[in-house]
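Q: Structure: run-v5.cif, mmCIF, N, CA and C atoms and all ligand atoms.
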data_protein
#
loop_
_atom_site.label_atom_id
_atom_site.label_comp_id
_atom_site.auth_asym_id
_atom_site.auth_seq_id
_atom_site.Cartn_x
_atom_site.Cartn_y
_atom_site.Cartn_z
N MET A 1 87.61 143.21 63.59
CA MET A 1 88.51 142.31 62.86
C MET A 1 88.89 141.13 63.75
N VAL A 2 88.91 139.94 63.14
CA VAL A 2 89.27 138.73 63.89
C VAL A 2 90.77 138.76 64.17
N SER A 3 91.10 138.46 65.43
CA SER A 3 92.49 138.55 65.83
C SER A 3 93.27 137.28 65.49
N ALA A 4 94.57 137.45 65.30
CA ALA A 4 95.44 136.30 65.06
C ALA A 4 95.55 135.42 66.29
N GLU A 5 94.98 135.89 67.42
CA GLU A 5 94.98 135.06 68.63
C GLU A 5 94.24 133.74 68.41
N ILE A 6 93.38 133.71 67.39
CA ILE A 6 92.67 132.46 67.10
C ILE A 6 93.68 131.34 66.81
N LEU A 7 94.82 131.70 66.24
CA LEU A 7 95.85 130.68 65.97
C LEU A 7 96.40 130.12 67.27
N ASP A 8 96.56 130.97 68.28
CA ASP A 8 97.04 130.50 69.59
C ASP A 8 96.03 129.54 70.21
N ARG A 9 94.74 129.93 70.16
CA ARG A 9 93.71 129.08 70.76
C ARG A 9 93.60 127.75 70.01
N LEU A 10 93.63 127.82 68.68
CA LEU A 10 93.52 126.59 67.89
C LEU A 10 94.72 125.69 68.15
N SER A 11 95.88 126.30 68.25
CA SER A 11 97.10 125.53 68.51
C SER A 11 97.01 124.80 69.86
N THR A 12 96.46 125.49 70.87
CA THR A 12 96.28 124.86 72.18
C THR A 12 95.32 123.68 72.08
N THR A 13 94.22 123.89 71.34
CA THR A 13 93.24 122.81 71.16
C THR A 13 93.88 121.62 70.45
N LEU A 14 94.65 121.90 69.40
CA LEU A 14 95.28 120.81 68.64
C LEU A 14 96.24 120.02 69.54
N ALA A 15 97.00 120.72 70.36
CA ALA A 15 97.94 120.03 71.27
C ALA A 15 97.16 119.14 72.24
N GLU A 16 96.03 119.64 72.73
CA GLU A 16 95.20 118.84 73.65
C GLU A 16 94.67 117.58 72.97
N ARG A 17 94.37 117.71 71.68
CA ARG A 17 93.79 116.57 70.94
C ARG A 17 94.79 115.43 70.75
N ARG A 18 96.04 115.67 71.01
CA ARG A 18 97.03 114.59 70.86
C ARG A 18 96.75 113.45 71.83
N SER A 19 96.11 113.75 72.95
CA SER A 19 95.80 112.70 73.92
C SER A 19 94.29 112.46 74.05
N ALA A 20 93.53 112.95 73.07
CA ALA A 20 92.07 112.80 73.14
C ALA A 20 91.62 111.49 72.48
N ASP A 21 90.37 111.13 72.76
CA ASP A 21 89.78 109.90 72.22
C ASP A 21 89.43 110.12 70.73
N PRO A 22 89.99 109.30 69.83
CA PRO A 22 89.72 109.47 68.40
C PRO A 22 88.24 109.37 68.02
N SER A 23 87.44 108.72 68.87
CA SER A 23 86.03 108.58 68.51
C SER A 23 85.23 109.84 68.83
N THR A 24 85.85 110.79 69.52
CA THR A 24 85.11 112.00 69.92
C THR A 24 85.62 113.27 69.24
N SER A 25 86.68 113.16 68.43
CA SER A 25 87.29 114.36 67.88
C SER A 25 87.87 114.08 66.49
N TYR A 26 87.57 114.98 65.53
CA TYR A 26 88.11 114.86 64.17
C TYR A 26 89.64 114.92 64.20
N VAL A 27 90.17 115.84 65.00
CA VAL A 27 91.62 116.02 65.04
C VAL A 27 92.30 114.80 65.69
N ALA A 28 91.72 114.33 66.79
CA ALA A 28 92.29 113.15 67.46
C ALA A 28 92.27 111.94 66.51
N LYS A 29 91.21 111.87 65.70
CA LYS A 29 91.12 110.75 64.73
C LYS A 29 92.24 110.86 63.69
N LEU A 30 92.49 112.09 63.21
CA LEU A 30 93.57 112.29 62.24
C LEU A 30 94.93 111.93 62.85
N PHE A 31 95.17 112.39 64.09
CA PHE A 31 96.44 112.06 64.77
C PHE A 31 96.59 110.54 64.88
N HIS A 32 95.47 109.89 65.22
CA HIS A 32 95.49 108.43 65.41
C HIS A 32 95.82 107.73 64.09
N LYS A 33 95.28 108.25 62.98
CA LYS A 33 95.54 107.62 61.67
C LYS A 33 97.00 107.83 61.23
N GLY A 34 97.59 108.94 61.66
CA GLY A 34 99.02 109.14 61.42
C GLY A 34 99.38 110.06 60.28
N THR A 35 100.70 110.16 60.06
CA THR A 35 101.27 111.15 59.14
C THR A 35 100.70 111.04 57.73
N ASP A 36 100.63 109.82 57.19
CA ASP A 36 100.19 109.68 55.79
C ASP A 36 98.78 110.23 55.59
N GLU A 37 97.88 109.98 56.55
CA GLU A 37 96.51 110.47 56.42
C GLU A 37 96.48 112.00 56.52
N ILE A 38 97.29 112.56 57.41
CA ILE A 38 97.34 114.02 57.53
C ILE A 38 97.88 114.63 56.24
N LEU A 39 98.94 114.02 55.69
CA LEU A 39 99.52 114.53 54.43
C LEU A 39 98.50 114.43 53.29
N LYS A 40 97.71 113.36 53.30
CA LYS A 40 96.67 113.20 52.28
C LYS A 40 95.66 114.34 52.36
N LYS A 41 95.26 114.69 53.59
CA LYS A 41 94.31 115.80 53.77
C LYS A 41 94.93 117.12 53.30
N VAL A 42 96.21 117.35 53.63
CA VAL A 42 96.87 118.59 53.20
C VAL A 42 96.88 118.66 51.67
N GLY A 43 97.19 117.53 51.03
CA GLY A 43 97.20 117.48 49.56
C GLY A 43 95.82 117.76 48.99
N GLU A 44 94.80 117.13 49.55
CA GLU A 44 93.42 117.34 49.06
C GLU A 44 93.01 118.80 49.19
N GLU A 45 93.32 119.39 50.35
CA GLU A 45 92.91 120.79 50.57
C GLU A 45 93.68 121.74 49.67
N ALA A 46 94.94 121.40 49.36
CA ALA A 46 95.71 122.24 48.44
C ALA A 46 95.07 122.21 47.05
N VAL A 47 94.67 121.03 46.61
CA VAL A 47 94.01 120.90 45.29
C VAL A 47 92.68 121.66 45.30
N GLU A 48 91.91 121.51 46.38
CA GLU A 48 90.61 122.20 46.46
C GLU A 48 90.80 123.72 46.48
N THR A 49 91.91 124.18 47.08
CA THR A 49 92.21 125.62 47.08
C THR A 49 92.47 126.10 45.65
N ILE A 50 93.23 125.33 44.90
CA ILE A 50 93.53 125.70 43.51
C ILE A 50 92.23 125.77 42.70
N MET A 51 91.37 124.76 42.89
CA MET A 51 90.11 124.74 42.14
C MET A 51 89.22 125.92 42.51
N ALA A 52 89.20 126.27 43.79
CA ALA A 52 88.39 127.41 44.23
C ALA A 52 88.92 128.72 43.63
N ALA A 53 90.24 128.86 43.57
CA ALA A 53 90.83 130.07 42.97
C ALA A 53 90.46 130.16 41.50
N LYS A 54 90.45 129.01 40.85
CA LYS A 54 90.13 128.98 39.41
C LYS A 54 88.67 129.34 39.14
N ASP A 55 87.77 128.98 40.08
CA ASP A 55 86.35 129.22 39.77
C ASP A 55 85.92 130.65 40.10
N GLY A 56 86.84 131.43 40.72
CA GLY A 56 86.58 132.87 40.88
C GLY A 56 85.64 133.24 42.00
N ASP A 57 85.25 132.27 42.84
CA ASP A 57 84.34 132.55 43.96
C ASP A 57 85.19 132.83 45.21
N LYS A 58 85.22 134.09 45.63
CA LYS A 58 86.14 134.49 46.71
C LYS A 58 85.80 133.83 48.04
N LEU A 59 84.50 133.69 48.35
CA LEU A 59 84.11 133.05 49.61
C LEU A 59 84.55 131.57 49.61
N HIS A 60 84.36 130.92 48.47
CA HIS A 60 84.80 129.52 48.33
C HIS A 60 86.31 129.44 48.55
N LEU A 61 87.05 130.38 47.96
CA LEU A 61 88.52 130.39 48.10
C LEU A 61 88.92 130.55 49.57
N VAL A 62 88.27 131.48 50.26
CA VAL A 62 88.60 131.71 51.68
C VAL A 62 88.35 130.44 52.49
N ARG A 63 87.23 129.77 52.21
CA ARG A 63 86.89 128.55 52.96
C ARG A 63 87.90 127.43 52.69
N GLU A 64 88.33 127.31 51.46
CA GLU A 64 89.30 126.25 51.14
C GLU A 64 90.68 126.56 51.73
N VAL A 65 91.05 127.85 51.72
CA VAL A 65 92.34 128.22 52.34
C VAL A 65 92.27 127.95 53.86
N ALA A 66 91.10 128.22 54.47
CA ALA A 66 90.94 127.92 55.90
C ALA A 66 91.12 126.42 56.15
N ASP A 67 90.54 125.59 55.27
CA ASP A 67 90.73 124.13 55.39
C ASP A 67 92.20 123.76 55.24
N LEU A 68 92.88 124.42 54.28
CA LEU A 68 94.30 124.12 54.05
C LEU A 68 95.15 124.54 55.24
N TRP A 69 94.92 125.77 55.74
CA TRP A 69 95.66 126.23 56.92
C TRP A 69 95.43 125.28 58.08
N PHE A 70 94.13 124.95 58.30
CA PHE A 70 93.79 124.09 59.43
C PHE A 70 94.57 122.77 59.34
N HIS A 71 94.58 122.14 58.18
CA HIS A 71 95.24 120.84 58.08
C HIS A 71 96.77 120.95 58.15
N THR A 72 97.33 122.08 57.70
CA THR A 72 98.78 122.26 57.89
C THR A 72 99.09 122.49 59.38
N LEU A 73 98.16 123.13 60.10
CA LEU A 73 98.35 123.29 61.56
C LEU A 73 98.28 121.93 62.26
N VAL A 74 97.39 121.06 61.77
CA VAL A 74 97.32 119.70 62.33
C VAL A 74 98.65 118.98 62.06
N LEU A 75 99.17 119.14 60.86
CA LEU A 75 100.47 118.51 60.52
C LEU A 75 101.58 119.01 61.44
N LEU A 76 101.63 120.33 61.63
CA LEU A 76 102.66 120.90 62.50
C LEU A 76 102.53 120.33 63.92
N ALA A 77 101.28 120.30 64.43
CA ALA A 77 101.06 119.79 65.79
C ALA A 77 101.47 118.33 65.90
N HIS A 78 101.19 117.57 64.86
CA HIS A 78 101.57 116.14 64.86
C HIS A 78 103.08 115.99 64.94
N GLU A 79 103.81 116.96 64.39
CA GLU A 79 105.28 116.93 64.41
C GLU A 79 105.85 117.66 65.62
N GLY A 80 104.97 118.06 66.56
CA GLY A 80 105.45 118.76 67.75
C GLY A 80 105.80 120.21 67.49
N LEU A 81 105.26 120.76 66.39
CA LEU A 81 105.52 122.16 66.03
C LEU A 81 104.21 122.95 66.11
N SER A 82 104.28 124.27 65.82
CA SER A 82 103.06 125.07 65.81
C SER A 82 103.23 126.25 64.85
N HIS A 83 102.15 127.04 64.72
CA HIS A 83 102.19 128.24 63.88
C HIS A 83 103.32 129.17 64.32
N GLU A 84 103.70 129.12 65.62
CA GLU A 84 104.75 130.02 66.10
C GLU A 84 106.08 129.74 65.40
N ASP A 85 106.33 128.47 65.09
CA ASP A 85 107.57 128.13 64.38
C ASP A 85 107.56 128.73 62.97
N VAL A 86 106.39 128.71 62.33
CA VAL A 86 106.27 129.26 60.98
C VAL A 86 106.38 130.79 61.02
N LEU A 87 105.72 131.40 62.02
CA LEU A 87 105.80 132.86 62.15
C LEU A 87 107.24 133.30 62.40
N ALA A 88 107.96 132.51 63.20
CA ALA A 88 109.36 132.85 63.48
C ALA A 88 110.18 132.77 62.19
N GLU A 89 109.88 131.79 61.35
CA GLU A 89 110.60 131.67 60.07
C GLU A 89 110.28 132.85 59.15
N LEU A 90 109.00 133.25 59.12
CA LEU A 90 108.62 134.40 58.28
C LEU A 90 109.29 135.68 58.80
N ALA A 91 109.35 135.80 60.14
CA ALA A 91 110.01 136.98 60.72
C ALA A 91 111.49 136.99 60.37
N ARG A 92 112.10 135.79 60.41
CA ARG A 92 113.52 135.69 60.05
C ARG A 92 113.73 136.13 58.60
N ARG A 93 112.81 135.71 57.72
CA ARG A 93 112.94 136.09 56.31
C ARG A 93 112.75 137.59 56.10
N GLU A 94 111.83 138.15 56.90
CA GLU A 94 111.62 139.60 56.81
C GLU A 94 112.93 140.31 57.13
N GLY A 95 113.62 139.80 58.16
CA GLY A 95 114.92 140.36 58.53
C GLY A 95 115.91 140.21 57.41
N ILE A 96 115.92 139.02 56.79
CA ILE A 96 116.86 138.77 55.69
C ILE A 96 116.56 139.71 54.54
N SER A 97 115.26 139.85 54.20
CA SER A 97 114.94 140.69 53.05
C SER A 97 115.29 142.15 53.36
N GLY A 98 115.15 142.53 54.66
CA GLY A 98 115.55 143.88 55.03
C GLY A 98 117.02 144.13 54.76
N ILE A 99 117.85 143.13 55.11
CA ILE A 99 119.30 143.24 54.87
C ILE A 99 119.57 143.33 53.37
N ASP A 100 118.87 142.47 52.60
CA ASP A 100 119.05 142.47 51.14
C ASP A 100 118.71 143.82 50.53
N GLU A 101 117.58 144.40 51.04
CA GLU A 101 117.16 145.69 50.49
C GLU A 101 118.22 146.77 50.75
N LYS A 102 118.80 146.74 51.98
CA LYS A 102 119.84 147.74 52.30
C LYS A 102 121.04 147.56 51.36
N ALA A 103 121.43 146.28 51.15
CA ALA A 103 122.57 146.01 50.29
C ALA A 103 122.28 146.48 48.87
N ALA A 104 121.05 146.23 48.42
CA ALA A 104 120.67 146.62 47.06
C ALA A 104 120.71 148.13 46.91
N ARG A 105 120.26 148.84 47.98
CA ARG A 105 120.26 150.31 47.92
C ARG A 105 121.69 150.84 47.81
N LYS A 106 122.62 150.21 48.59
CA LYS A 106 124.03 150.67 48.54
C LYS A 106 124.60 150.47 47.14
N GLN A 107 124.25 149.26 46.55
CA GLN A 107 124.79 148.95 45.22
C GLN A 107 124.22 149.88 44.16
N GLY A 108 122.88 150.19 44.34
CA GLY A 108 122.19 151.02 43.32
C GLY A 108 122.68 152.44 43.45
N1 LIG B 201 89.01 124.43 62.21
C1 LIG B 201 88.62 123.25 62.20
C2 LIG B 201 88.29 122.57 60.97
N2 LIG B 201 88.34 122.98 59.69
C3 LIG B 201 87.94 121.93 58.95
N3 LIG B 201 87.68 120.86 59.73
C4 LIG B 201 87.22 119.53 59.31
O1 LIG B 201 88.04 119.12 58.25
C5 LIG B 201 87.31 118.29 57.40
C6 LIG B 201 87.51 118.81 55.99
O2 LIG B 201 87.61 117.74 55.20
P1 LIG B 201 86.75 117.67 53.88
O3 LIG B 201 86.49 119.03 53.33
O4 LIG B 201 87.50 116.74 52.99
O5 LIG B 201 85.38 117.07 54.40
P2 LIG B 201 85.09 115.58 54.82
O6 LIG B 201 84.77 114.82 53.59
O7 LIG B 201 84.02 115.66 55.88
O8 LIG B 201 86.48 115.08 55.45
P3 LIG B 201 86.92 113.57 55.73
O9 LIG B 201 86.03 113.07 56.84
O10 LIG B 201 86.78 112.82 54.45
O11 LIG B 201 88.35 113.71 56.17
C7 LIG B 201 85.85 118.33 57.83
O12 LIG B 201 85.48 117.17 58.53
C8 LIG B 201 85.81 119.55 58.75
O13 LIG B 201 84.88 119.40 59.80
C9 LIG B 201 87.88 121.23 60.99
N4 LIG B 201 87.78 120.53 62.17
C10 LIG B 201 88.08 121.18 63.32
N5 LIG B 201 88.51 122.49 63.38
C11 LIG B 201 88.92 123.12 64.65
O14 LIG B 201 89.57 122.13 65.42
C12 LIG B 201 88.98 122.13 66.72
C13 LIG B 201 89.02 120.72 67.26
O15 LIG B 201 88.21 119.88 66.47
P4 LIG B 201 87.77 118.45 67.03
O16 LIG B 201 89.01 117.65 67.16
O17 LIG B 201 86.83 117.87 65.99
O18 LIG B 201 87.08 118.67 68.34
C14 LIG B 201 87.57 122.67 66.54
O19 LIG B 201 87.13 123.27 67.72
C15 LIG B 201 87.76 123.68 65.44
O20 LIG B 201 88.19 124.92 66.03
#
Kindly return the structure encoded in the file as structure tokens.
A:
Amino acid sequence: MVSAEILDRLSTTLAERRSADPSTSYVAKLFHKGTDEILKKVGEEAVETIMAAKDGDKLHLVREVADLWFHTLVLLAHEGLSHEDVLAELARREGISGIDEKAARKQG
């Protein structure tokens, strides 16, 4: 099974690309073009993900979600953030939902 460590490695690469030559790297070129271009790519990949889900081809869906994740990671890196910030938010929510479940059990 592929490890989630790939997110750590990709995140390191994306951070390095912030100072890379735009003519030699897709990510450096996106950073150079700026926020609007990155947001445009995120929007395009979100639409392509929806279309892939609709056509019922699971491999196509996985590939489009990978494109979407990748471009959201580029967006986070451009804003000085990373997947770790998102994972921390999900962990926080898990904690919140745990509290909610306990409260619900007491009420029920
Ligand atoms: N995971 C990815 C990755 N996923 C998708 N893409 C690129 O994202 C683009 C997807 O956009 P589209 O599907 O719209 O295809 P396109 O028409 O070619 O895109 P545009 O040129 O129009 O933007 C393609 O150019 C893909 O090559 C990626 N480019 C890079 N990475 C990773 O990022 C690392 C750094 O990349 P470089 O900066 O290019 O060295 C690489 O080592 C990879 O690990």
Q: Please report, as a Markdown table, each residue of chain A lying at most 6.5 Å from ligand LIG 201 (chain B), together with the nearest pair of atoms and the separation in Å rounded to one decimal; use all atoms listed in the file, and order rows by chain and ascending residue number.
A:
| residue | atom | partner | partner_atom | distance |
| --- | --- | --- | --- | --- |
| A:Leu10 | CA | B:LIG201 | O20 | 5.9 |
| A:Thr13 | C | B:LIG201 | C13 | 5.9 |
| A:Leu14 | N | B:LIG201 | C13 | 6.1 |
| A:Arg17 | CA | B:LIG201 | O16 | 6.2 |
| A:Thr24 | C | B:LIG201 | O18 | 5.7 |
| A:Ser25 | CA | B:LIG201 | O16 | 3.8 |
| A:Tyr26 | N | B:LIG201 | O17 | 3.0 |
| A:Val27 | N | B:LIG201 | O16 | 3.0 |
| A:Ala28 | N | B:LIG201 | O16 | 4.3 |
| A:Lys29 | N | B:LIG201 | O16 | 6.4 |
| A:Ala66 | C | B:LIG201 | N2 | 5.7 |
| A:Asp67 | CA | B:LIG201 | C3 | 5.0 |
| A:Phe70 | CA | B:LIG201 | N1 | 5.5 |
| A:His71 | N | B:LIG201 | N2 | 6.5 |
Q: Between atom CA of Val62 of chain A and atom CA of Glu45 of chain A, what is the distance in Å, rounded to a tenth?
A: 11.8 Å
Q: From the options A:Leu68, A:Ala91, A:Leu30, A:Leu76, which residue's atoms come nearest to Val42 of chain A, counting all atoms listed in the file?
A: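 Smallest separation from Val42 of chain A among the options: A:Leu68.
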Q: DSSP on the backbone, then: every residue of chain A marked alpha helix (DSSP H), written as a PyMOL selection string.
A: chain A and resi 5-17+26-33+35-55+58-78+83-107
Q: Counting only C-alpha atoms, what is within 7 Å of Thr49 of chain A, bar same-chain residues fewer than 6 positions away, as a ChimeraX atom specification?
A: /A:61,64-65
Q: Would you compute the distance between atom C of Ala20 of chain A and atom CA of Ala4 of chain A? Give it in Å to one decimal.
A: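 Between atom C of Ala20 of chain A and atom CA of Ala4 of chain A the gap is 26.2 Å.
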Q: Quick one: pull the distance between atom C of Ala15 of chain A and atom C of His32 of chain A, Å, one decimal.
A: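 Between atom C of Ala15 of chain A and atom C of His32 of chain A the gap works out to 14.1 Å.
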